[in-house]
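Q: Structure provided below as structure tokens; questions to follow.
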Amino acid sequence: MGGAVSAGEDNDDLIDNLKEAQYIRTEKVEQAFRAIDRGDYYLDNFRDSAYKDLAWKHGNIHLSAPCIYSEVMEALKLQPGLSFLNLGSGTGYLSTMVGLIIGPYGVNHGVELHKDVVEYARQKLDEFIKNSDSFDKFEFCEPVFVVGNCLEISTDSHQYDRIYCGAGVQKDHENYMKVLLKIGGILVMPIEDQLTQITRTGQSTWESKNILAVSFAPLVQQSRAEGEKPDTVQLPPVTVRSLQDLSRVYIRRTLRNLASQDSQGKGTVQRIPHKRKRRRCRRRRISTYVYVGNQLIPQMVESEEEEHAEEEQKEAAVGEEEEERDIGDIEIIKQVNELREQILALPLPESLKAYLLYYREK
């Protein structure tokens, strides 16, 4: 499933294409997609395919097409502080993006059938927290993943504000999914080849809306011998953050706001170098021969197509120079992780600084 938009050269290019095609429609969803590089969730040997609008599967590891994730993120209508349950959480790519929007006072849980995929998701989450500058630009609700069959969730489990199921749901499992949802909550899942948004409007009332025609692999039903009890899935507990953790969230928020105000007051901006899409120009050289004395010597002569390509490149270079001049008095500075710099400058013990930085090394 996928192929609705052109392939990108990198993550930002892919997001530009999804925006242009109206799959990404809101700023908060765009920011989450730009903050999490889809390529980081691919195995190294397959990363070249990361920015195509196509699903990818290798063994038990699976990622849906970017256009599908875009529609899901928009349909969930995420807000800070909400609780979210991802049924079939896979690599954790979607759950991590959700965590950037619901923030530190939300709840972010995932259930995945395959143990090796849960380990992969935890590894990718750890890499994001330790290595990505995006982590310091957001207040994050860290996802918690458990191994299990999402059709075997304990009947006394708590309900959620938002739920997504990443596998095809049969009609006879629809009500099972619905009871996990709070009143006023939104459930997004594929039913009968339609990605569907279901809103719980009351104790036993619902509103449904078809979003997109899709093709998903069906949910796996656990096979059991006669009389064998199911392996009930216990969802992670909903816990209150400790005072120490809340203090860290507040200190980081305050420092982030101060850094932002300081940049605005100085009139400085962190400007990413303008990226132009590569021109694919045909370039040819023609072999000709010229006489030098009594010798016939081959000589390479540029074709008209090559001359035209060089003219286009010169025009592009002039355009870039004009763009730089248009910036005016704005001071351009290289990208700096300002929150990290603020924390490192605090007159605090190194152990406390490390805690405020979530023990990130860069």
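How things are named: the first chain in the structure tokens is A, the next is B, and so on; residues count from 1 in each chain; ligands count from 1 in the order shown.
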Considering only C-alpha atoms, return as a ChimeraX atom specification whatever protein or nucleic-acid residues lie within 8 Å of His114 of chain A, sequence-local ones (same chain, fewer than 2 positions apart) excluded.
A: /A:60,112,116-118,147-148
Q: Just the strand (DSSP E) stuff from segment 115-237 of chain A, please, per backbone DSSP, written as a ChimeraX atom specification.
A: /A:144-147,160-165,181-191,194-200,206-213
